[in-house]
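Novice: One file: structure-v1.cif (mmCIF, C-alpha atoms).
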```cif
data_structure
#
loop_
_atom_site.label_atom_id
_atom_site.label_comp_id
_atom_site.auth_asym_id
_atom_site.auth_seq_id
_atom_site.Cartn_x
_atom_site.Cartn_y
_atom_site.Cartn_z
CA MET A 130 79.76 17.58 -8.52
CA MET A 131 77.27 15.59 -10.55
CA LEU A 132 74.58 17.94 -11.79
CA MET A 133 71.20 16.83 -10.59
CA THR A 134 68.26 16.42 -12.90
CA GLY A 135 65.65 19.09 -12.35
CA LEU A 136 67.97 21.73 -10.90
CA ASP A 137 65.66 24.69 -10.32
CA PRO A 138 65.72 28.23 -8.90
CA ALA A 139 64.36 27.20 -5.52
CA ARG A 140 67.10 24.64 -5.03
CA ILE A 141 69.91 26.99 -6.10
CA ALA A 142 68.63 29.67 -3.69
CA LYS A 143 69.09 27.20 -0.82
CA PHE A 144 72.54 25.98 -1.87
CA SER A 145 75.37 26.17 0.64
CA ASP A 146 78.55 27.91 -0.45
CA GLU A 147 80.09 24.48 -1.00
CA GLN A 148 77.27 23.40 -3.30
CA LEU A 149 77.16 26.68 -5.22
CA GLY A 150 80.95 26.66 -5.49
CA SER A 151 80.90 23.16 -6.96
CA LEU A 152 78.41 24.36 -9.56
CA LEU A 153 80.52 27.41 -10.40
CA ARG A 154 83.61 25.23 -10.87
CA VAL A 155 82.13 22.70 -13.30
CA ASN A 156 83.89 22.05 -16.58
CA GLY A 157 83.94 19.41 -19.30
CA GLY A 158 80.86 17.22 -19.48
CA GLU A 159 79.30 18.63 -16.32
CA GLN A 160 79.63 22.15 -17.68
CA GLN A 161 77.84 21.07 -20.86
CA GLN A 162 75.04 19.65 -18.68
CA LEU A 163 74.77 23.02 -16.92
CA PHE A 164 74.64 24.87 -20.24
CA ALA A 165 72.03 22.47 -21.63
CA LEU A 166 69.83 23.05 -18.61
CA ALA A 167 70.23 26.84 -18.97
CA ARG A 168 69.21 26.62 -22.64
CA GLU A 169 66.21 24.49 -21.71
CA ARG A 170 65.10 27.11 -19.16
CA ARG A 171 65.44 29.73 -21.88
CA ARG A 172 63.48 27.66 -24.38
CA MET A 173 60.67 26.89 -21.94
CA ALA A 174 60.25 30.62 -21.26
CA GLY A 175 59.99 31.40 -24.98
CA ARG A 176 63.23 33.38 -24.94
CA ASP A 177 65.16 31.45 -27.58
CA LYS A 178 65.26 34.37 -30.00
CA VAL A 179 68.17 36.76 -29.55
CA LEU A 180 67.44 40.44 -28.88
CA LEU A 181 69.70 42.80 -30.80
CA ARG A 182 70.63 46.17 -29.32
CA GLY A 183 72.41 48.97 -31.15
CA VAL A 184 74.77 50.87 -28.88
CA ILE A 185 75.84 54.49 -29.26
CA GLU A 186 78.70 55.45 -26.93
CA VAL A 187 77.83 59.12 -26.61
CA SER A 188 80.50 60.40 -24.21
CA ASN A 189 83.73 59.16 -22.65
CA ASN A 190 83.74 61.89 -20.01
CA CYS A 191 83.31 60.39 -16.54
CA GLN A 192 83.17 61.63 -12.95
CA LYS A 193 84.18 58.29 -11.46
CA LYS A 194 87.69 57.17 -10.51
CA CYS A 195 87.48 53.42 -11.21
CA ASP A 196 91.01 52.02 -11.33
CA TYR A 197 90.16 49.38 -13.93
CA CYS A 198 88.79 51.83 -16.54
CA ALA A 199 90.87 54.21 -18.69
CA MET A 200 87.87 56.55 -18.95
CA ASN A 201 88.07 57.46 -15.25
CA CYS A 202 88.29 61.17 -14.50
CA ARG A 203 92.05 60.98 -13.91
CA GLY A 204 92.73 59.36 -17.30
CA SER A 205 94.57 61.14 -20.10
CA ILE A 206 92.58 59.90 -23.09
CA PRO A 207 91.14 62.44 -25.58
CA ARG A 208 87.61 63.28 -24.47
CA TYR A 209 84.49 63.64 -26.59
CA ARG A 210 80.77 64.24 -26.17
CA MET A 211 78.40 63.74 -29.10
CA GLU A 212 75.83 66.35 -30.00
CA ALA A 213 72.17 65.38 -30.04
CA GLY A 214 71.91 65.62 -33.82
CA MET A 215 74.68 63.07 -34.35
CA ILE A 216 73.12 60.68 -31.82
CA LEU A 217 69.73 60.90 -33.54
CA ASP A 218 71.26 60.28 -36.97
CA ILE A 219 72.92 57.11 -35.67
CA ALA A 220 69.72 56.06 -33.87
CA ARG A 221 67.77 56.35 -37.14
CA HIS A 222 70.36 54.16 -38.84
CA ILE A 223 70.02 51.57 -36.06
CA ARG A 224 66.24 51.61 -36.45
CA ASP A 225 66.53 51.37 -40.24
CA MET A 226 68.63 48.22 -39.79
CA GLY A 227 65.65 46.57 -38.06
CA ILE A 228 67.05 46.87 -34.54
CA THR A 229 64.34 48.09 -32.17
CA THR A 230 66.42 48.87 -29.05
CA VAL A 231 68.72 51.91 -29.06
CA PHE A 232 71.28 51.54 -26.29
CA ILE A 233 72.76 54.86 -25.14
CA GLN A 234 75.94 54.40 -23.13
CA SER A 235 78.41 56.87 -21.68
CA GLY A 236 80.72 57.59 -18.83
CA GLN A 237 79.11 59.23 -15.84
CA ASP A 238 78.93 62.63 -17.54
CA PRO A 239 76.69 65.27 -15.88
CA LEU A 240 76.81 67.45 -19.00
CA CYS A 241 74.86 64.84 -20.97
CA ARG A 242 71.58 65.64 -19.25
CA SER A 243 70.30 68.17 -21.78
CA ILE A 244 71.38 65.86 -24.60
CA MET A 245 69.42 62.97 -23.06
CA GLU A 246 66.36 65.18 -22.69
CA GLU A 247 66.46 65.86 -26.43
CA VAL A 248 67.26 62.41 -27.80
CA ILE A 249 65.13 60.13 -25.58
CA PRO A 250 61.70 61.36 -26.72
CA ALA A 251 62.82 61.55 -30.36
CA ILE A 252 64.02 57.94 -30.34
CA ARG A 253 60.99 56.69 -28.45
CA ASP A 254 58.21 58.70 -30.10
CA GLU A 255 59.48 59.58 -33.57
CA MET A 256 61.41 56.39 -34.33
CA GLY A 257 59.33 53.94 -32.32
CA ALA A 258 62.40 52.36 -30.72
CA GLU A 259 62.99 51.33 -27.14
CA VAL A 260 65.53 53.42 -25.21
CA LEU A 261 68.04 51.62 -22.98
CA LEU A 262 70.34 53.81 -20.89
CA CYS A 263 73.68 53.03 -19.26
CA ILE A 264 74.92 56.42 -18.09
CA GLY A 265 75.84 55.87 -14.45
CA GLU A 266 74.71 56.91 -11.00
CA LYS A 267 72.25 59.82 -11.02
CA PRO A 268 69.90 61.51 -8.56
CA ARG A 269 66.49 59.83 -8.41
CA GLY A 270 64.86 62.90 -9.92
CA GLU A 271 67.04 62.62 -13.02
CA TYR A 272 66.12 58.96 -13.45
CA GLN A 273 62.46 59.97 -13.12
CA ARG A 274 62.89 62.69 -15.76
CA TYR A 275 64.32 60.24 -18.30
CA PHE A 276 61.54 57.77 -17.55
CA ASP A 277 58.91 60.47 -18.08
CA LEU A 278 60.53 61.26 -21.42
CA GLY A 279 60.24 57.64 -22.56
CA ALA A 280 63.28 55.66 -21.40
CA ARG A 281 62.16 52.28 -20.07
CA ALA A 282 65.36 50.30 -19.39
CA TYR A 283 68.61 51.02 -17.56
CA ILE A 284 71.84 49.13 -16.89
CA LEU A 285 73.72 49.69 -13.63
CA LYS A 286 76.15 46.86 -12.91
CA PHE A 287 77.15 46.38 -9.29
CA GLU A 288 80.54 45.06 -10.52
CA THR A 289 81.30 43.29 -7.21
CA SER A 290 79.26 42.38 -4.15
CA ASP A 291 82.24 43.08 -1.86
CA SER A 292 81.72 46.62 -0.54
CA ALA A 293 85.36 46.97 0.55
CA LEU A 294 86.62 45.80 -2.85
CA TYR A 295 84.17 48.12 -4.62
CA ASN A 296 85.43 51.06 -2.59
CA ARG A 297 89.04 50.11 -3.30
CA VAL A 298 88.70 49.80 -7.08
CA ALA A 299 85.88 52.29 -7.79
CA HIS A 300 86.55 54.77 -4.97
CA GLY A 301 82.88 54.97 -4.17
CA SER A 302 80.09 53.40 -2.15
CA LEU A 303 78.54 50.11 -3.22
CA GLU A 304 75.47 50.90 -1.10
CA ALA A 305 74.98 54.19 -2.96
CA ARG A 306 75.14 52.30 -6.25
CA LEU A 307 72.64 49.72 -5.04
CA GLN A 308 70.33 52.53 -3.90
CA CYS A 309 70.41 53.83 -7.47
CA PHE A 310 69.37 50.35 -8.61
CA ARG A 311 66.47 50.36 -6.18
CA ASP A 312 65.43 53.86 -7.27
CA LEU A 313 65.36 52.78 -10.91
CA LYS A 314 63.29 49.70 -10.14
CA GLU A 315 60.81 51.64 -8.00
CA ILE A 316 60.34 54.23 -10.76
CA GLY A 317 59.38 51.46 -13.16
CA TYR A 318 62.45 50.80 -15.27
CA HIS A 319 63.47 47.37 -16.46
CA VAL A 320 66.84 47.32 -14.72
CA GLY A 321 69.92 45.30 -15.56
CA THR A 322 72.95 44.64 -13.40
CA GLY A 323 75.87 42.24 -13.16
CA ASN A 324 79.45 41.62 -12.15
CA ILE A 325 83.03 41.46 -13.40
CA ILE A 326 84.79 38.10 -13.14
CA GLY A 327 88.48 38.39 -12.27
CA LEU A 328 88.41 41.94 -10.93
CA PRO A 329 91.73 42.39 -9.08
CA GLY A 330 91.17 41.56 -5.42
CA GLN A 331 88.17 39.35 -6.11
CA THR A 332 88.05 35.98 -4.34
CA PHE A 333 86.12 32.83 -5.13
CA GLN A 334 83.82 33.66 -2.22
CA THR A 335 83.18 37.07 -3.78
CA MET A 336 82.00 35.39 -6.98
CA LEU A 337 79.55 33.27 -4.98
CA ASP A 338 78.34 36.39 -3.19
CA ASP A 339 77.92 38.10 -6.60
CA ILE A 340 75.61 35.30 -7.71
CA ARG A 341 73.55 35.62 -4.55
CA LEU A 342 73.39 39.43 -4.77
CA ALA A 343 71.95 39.28 -8.28
CA MET A 344 69.38 36.74 -7.11
CA LYS A 345 68.44 39.07 -4.25
CA LEU A 346 68.17 42.13 -6.52
CA ASP A 347 65.97 40.17 -8.95
CA PRO A 348 66.91 42.24 -12.04
CA HIS A 349 65.10 42.17 -15.37
CA PHE A 350 68.40 41.41 -17.08
CA VAL A 351 71.83 40.48 -15.82
CA SER A 352 75.30 40.06 -17.26
CA SER A 353 78.65 38.65 -16.27
CA ALA A 354 81.76 39.97 -18.00
CA PRO A 355 85.38 38.84 -17.71
CA PHE A 356 87.88 41.42 -16.50
CA ILE A 357 90.01 42.73 -19.37
CA PRO A 358 93.17 44.64 -18.31
CA ASN A 359 92.98 48.17 -19.66
CA GLN A 360 95.98 50.11 -20.95
CA GLY A 361 96.70 53.27 -19.05
CA THR A 362 95.29 51.98 -15.77
CA SER A 363 96.94 50.64 -12.63
CA TYR A 364 95.55 47.20 -13.48
CA GLU A 365 96.94 46.88 -17.00
CA GLU A 366 99.38 44.09 -16.02
CA TYR A 367 96.77 41.91 -14.30
CA PRO A 368 95.48 38.72 -15.98
CA CYS A 369 92.14 38.48 -17.74
CA GLY A 370 89.13 37.08 -15.92
CA ASP A 371 88.37 33.38 -16.22
CA LEU A 372 86.16 32.42 -19.17
CA ASN A 373 84.65 29.33 -17.54
CA TYR A 374 83.69 31.16 -14.35
CA THR A 375 82.04 33.85 -16.48
CA LEU A 376 80.06 31.38 -18.59
CA ASN A 377 79.09 29.30 -15.57
CA THR A 378 77.88 32.42 -13.74
CA MET A 379 75.71 33.28 -16.75
CA ALA A 380 74.24 29.77 -16.83
CA ILE A 381 73.57 29.74 -13.08
CA TRP A 382 71.79 33.09 -13.33
CA ARG A 383 69.72 31.82 -16.25
CA ILE A 384 68.52 28.90 -14.13
CA ALA A 385 68.27 30.74 -10.80
CA LEU A 386 66.51 33.87 -12.10
CA GLY A 387 64.34 32.12 -14.66
CA GLY A 388 64.26 31.66 -18.39
CA ASP A 389 62.45 34.93 -19.06
CA ARG A 390 65.37 37.22 -18.14
CA LEU A 391 67.56 38.90 -20.72
CA ILE A 392 71.19 37.83 -20.47
CA PRO A 393 73.71 39.36 -22.89
CA THR A 394 76.73 37.60 -24.30
CA VAL A 395 79.15 40.51 -23.97
CA SER A 396 81.86 41.57 -26.41
CA ALA A 397 84.56 40.94 -23.79
CA LEU A 398 83.91 37.20 -24.21
CA GLU A 399 84.95 37.48 -27.84
CA LYS A 400 88.00 39.52 -26.83
CA LEU A 401 88.96 36.75 -24.43
CA ARG A 402 88.51 33.93 -26.95
CA GLN A 403 87.36 33.51 -30.53
CA ASP A 404 83.74 32.29 -30.48
CA GLY A 405 83.42 33.49 -26.89
CA GLN A 406 80.07 35.10 -27.67
CA LEU A 407 78.85 31.88 -29.28
CA MET A 408 79.77 30.11 -26.05
CA GLY A 409 77.74 32.73 -24.20
CA LEU A 410 74.64 31.89 -26.25
CA GLN A 411 75.29 28.21 -25.58
CA ALA A 412 75.41 29.03 -21.85
CA GLY A 413 71.91 30.52 -21.98
CA ALA A 414 72.40 34.12 -23.13
CA ASN A 415 69.89 35.75 -25.48
CA VAL A 416 71.10 39.32 -26.13
CA MET A 417 73.81 40.73 -28.40
CA THR A 418 74.85 44.38 -28.66
CA ILE A 419 76.04 45.78 -31.99
CA ASN A 420 78.32 48.80 -31.91
CA PHE A 421 77.27 51.79 -34.04
CA THR A 422 79.63 54.37 -32.49
CA PRO A 423 81.60 56.24 -35.20
CA ASN A 424 85.23 55.16 -35.41
CA ASP A 425 86.69 58.53 -34.40
CA CYS A 426 84.74 58.38 -31.13
CA ARG A 427 84.88 54.63 -30.59
CA LYS A 428 88.68 54.54 -30.51
CA ASN A 429 88.58 56.73 -27.38
CA TYR A 430 85.76 54.89 -25.63
CA ALA A 431 88.24 52.87 -23.59
CA ILE A 432 85.76 50.82 -21.60
CA TYR A 433 87.73 47.56 -21.83
CA THR A 434 90.91 48.09 -23.78
CA LYS A 435 92.18 49.97 -26.83
CA GLN A 436 92.01 46.74 -28.80
CA ARG A 437 88.53 45.69 -27.64
CA PHE A 438 86.43 43.49 -29.89
CA ILE A 439 83.87 45.53 -31.84
CA VAL A 440 80.65 43.64 -32.55
CA SER A 441 79.28 44.20 -36.05
CA LEU A 442 75.80 43.25 -37.23
CA GLU A 443 77.35 40.66 -39.55
CA HIS A 444 79.25 39.05 -36.66
CA ALA A 445 76.15 39.00 -34.46
CA LEU A 446 73.91 37.43 -37.11
CA ARG A 447 76.54 34.82 -37.97
CA THR A 448 77.04 33.95 -34.28
CA ILE A 449 73.30 33.66 -33.69
CA GLU A 450 72.90 31.38 -36.71
CA ARG A 451 75.75 29.15 -35.54
CA ALA A 452 74.00 28.82 -32.17
CA GLY A 453 70.87 27.56 -33.95
CA LEU A 454 68.88 30.62 -32.88
CA GLU A 455 67.13 33.53 -34.60
CA PRO A 456 67.52 37.29 -34.08
CA ILE A 457 64.67 39.56 -33.07
CA MET A 458 64.53 42.11 -35.87
CA ASP A 459 61.92 44.33 -37.48
CA ARG A 460 62.14 42.95 -41.01
CA ARG A 461 59.87 45.72 -42.29
CA SER A 462 62.53 48.28 -41.50
CA VAL A 463 65.20 46.23 -43.25
CA ALA A 464 62.98 45.84 -46.31
CA ALA A 465 62.25 49.57 -46.41
#
```
Turn the structure described in the file into structure tokens.

Specialist:
Amino acid sequence: MMLMTGLDPARIAKFSDEQLGSLLRVNGGEQQQLFALARERRRMAGRDKVLLRGVIEVSNNCQKKCDYCAMNCRGSIPRYRMEAGMILDIARHIRDMGITTVFIQSGQDPLCRSIMEEVIPAIRDEMGAEVLLCIGEKPRGEYQRYFDLGARAYILKFETSDSALYNRVAHGSLEARLQCFRDLKEIGYHVGTGNIIGLPGQTFQTMLDDIRLAMKLDPHFVSSAPFIPNQGTSYEEYPCGDLNYTLNTMAIWRIALGGDRLIPTVSALEKLRQDGQLMGLQAGANVMTINFTPNDCRKNYAIYTKQRFIVSLEHALRTIERAGLEPIMDRRSVAA
């Protein structure tokens, strides 16, 4: 498919499956045209600087039974849950490094609620940092409580648009997850979502449906991540997700959802291929997440694989520079 000049959100929204599929399959020179258009959309929206987020993986306890994740409730990994004081110490370090978004991530752990109620206002009010949560499906009232305490952003990936596949791999309801997304958006959060490319059982049609679902949900930020087989799961012998499909999905979302959205270049891209995160920035991404989880906890946060790629601040800054971009940092904090 020859990419057409002036490809815009309105046109992508009206694409047939055949047209959208041709766009998702592009490689070589046509892929570079797609990426260039995604970067231009990003530039025109004033989003060419890269937002840095500092993640703290506060608990690997999880209620869910997702077959692709070693942290599922049936897994045998050593479990941990950080205390509030440790989380706040790490958050202060993140803020001192000039990073203004503290990203709190965990398995779906109901015993984290009191911890969240302590750390969210301290990070927001005392440190002046934004609080981004990725802690799973919760009752609407719990989402409201965290919002009232100062959290303003939340990530809840739909993983796959195929409800039968979601039920098979996650042993839950996709509609219930999407209702959580709607609850978060109605409360006032900036909500992020996204999919996994190469999830066992996924078809090419599913990937097209994933693109359309994200467009329908109209999230504030969106990510696509390649499937990485995880040791200790029933999917550990499956192949990794396709890099090109992942990058092309990111670029299509950048164009279809507009240049103002936040799109991360995830660490799994770097696990899949050296310079994978650089390729993500070249495909239109503008967010990188630096890992500040202490080593003794991080080794048991088996979200992708035991040998997952850990993003350091040095790696992120070097990658951003190579992409010809600049990071968003509070230089006053760094200087202090």

Novice: Could you list the residues chosen by the PyMOL selection byres ((chain A and resi 155-160) around 9) in this structure as number ranges by chain?

Specialist: A: 130-132, 150-154, 161-165, 373-374, 377

Novice: Please evaluate the PyMOL selection byres ((chain A and resi 258-261) around 8) against the structure above and give the resulting residues as number ranges by chain.

Specialist: A: 224, 229-233, 249, 252-254, 256-257, 262-263, 279-284

Novice: What is the distance between atom CA of Asn424 of chain A and atom CA of Ile185 of chain A, in Å to one decimal?

Specialist: 11.2 Å

Novice: Go through A:Thr375, A:Ser292, A:Gln273, A:Asn415 and flag the residue nearest Asp389 of chain A, using only C-alpha atoms for the distances.

Specialist: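 Nearest candidate to Asp389 of chain A out of A:Thr375, A:Ser292, A:Gln273, A:Asn415: A:Asn415.
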
Novice: Run the PyMOL selection byres ((chain A and resi 191-199) around 7) on the file and write out the hits as a PyMOL selection string.

Specialist: chain A and resi 189-190+200-204+236-238+298-300+359-364+431-433

Novice: How would you write as a list in words the residues that get within 9 Å of (91.5, 43.8, -10.9) in the file's frame, counting all atoms listed in the file?

Specialist: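 Every polymer residue passing the test: Asp196, Tyr197, Val298, Gly327, Leu328, Pro329, Gly330, Gln331, Phe356, Ile357, Pro358, Ser363, Tyr364, Glu365, Tyr367, Pro368, Cys369 and Gly370 of chain A.
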
Novice: Report the distance between atom CA of Ile340 of chain A and atom CA of Thr448 of chain A in Å, rounded to one decimal place.

Specialist: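 Answer for the atom CA of Ile340 of chain A to atom CA of Thr448 of chain A separation: 26.6 Å.
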
Novice: Separation of atom CA of Gly175 of chain A and atom CA of Arg447 of chain A, in Å?

Specialist: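 The value is 21.3 Å.
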
Novice: Using only C-alpha atoms, which of A:Asp291, A:Ile439, A:Arg168, A:Ala139 sits nearest Met379 of chain A?

Specialist: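 Checking each of A:Asp291, A:Ile439, A:Arg168, A:Ala139 against Met379 of chain A, counting only C-alpha atoms, the winner is A:Arg168.
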
Novice: Could you check the closest approach to Ala251 of chain A for each of A:Glu271, A:Gly214, A:Glu266, A:Ser353 and tell me which residue wins, using all atoms listed in the file?

Specialist: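 Closest to Ala251 of chain A of all the choices is A:Gly214.
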
Novice: Excluding same-chain residues fewer than 4 positions from Glu304 of chain A, what lies within 10 Å of it counting all atoms listed in the file, as a ChimeraX atom specification?

Specialist: /A:287,290,292,295,308-310

Novice: Write the selection just made, keeping C-alpha atoms, as a PDB file, in the frame of the given file?

Specialist:
```pdb
ATOM      1  CA  PHE A 287      77.150  46.380  -9.290  1.00  0.00           C
ATOM      2  CA  SER A 290      79.260  42.380  -4.150  1.00  0.00           C
ATOM      3  CA  SER A 292      81.720  46.620  -0.540  1.00  0.00           C
ATOM      4  CA  TYR A 295      84.170  48.120  -4.620  1.00  0.00           C
ATOM      5  CA  GLN A 308      70.330  52.530  -3.900  1.00  0.00           C
ATOM      6  CA  CYS A 309      70.410  53.830  -7.470  1.00  0.00           C
ATOM      7  CA  PHE A 310      69.370  50.350  -8.610  1.00  0.00           C
TER       8      PHE A 310
END
```

Novice: Could you check the closest approach to Lys345 of chain A for each of A:Trp382, A:Ile326, A:Ala445, A:Gly405 and tell me which residue wins, using only C-alpha atoms?

Specialist: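 Ranking A:Trp382, A:Ile326, A:Ala445, A:Gly405 by distance to Lys345 of chain A, first place goes to A:Trp382.
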
Novice: Tell me which of A:Val179, A:Ile219, A:Val248, A:Leu285 sits closest to Met458 of chain A, counting all atoms listed in the file.

Specialist: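 Smallest distance to Met458 of chain A is found for A:Val179.
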
Novice: From the options A:Gly301, A:Asp218, A:Leu386, A:Met173, which residue's atoms come nearest to Arg341 of chain A, counting only C-alpha atoms?

Specialist: A:Leu386
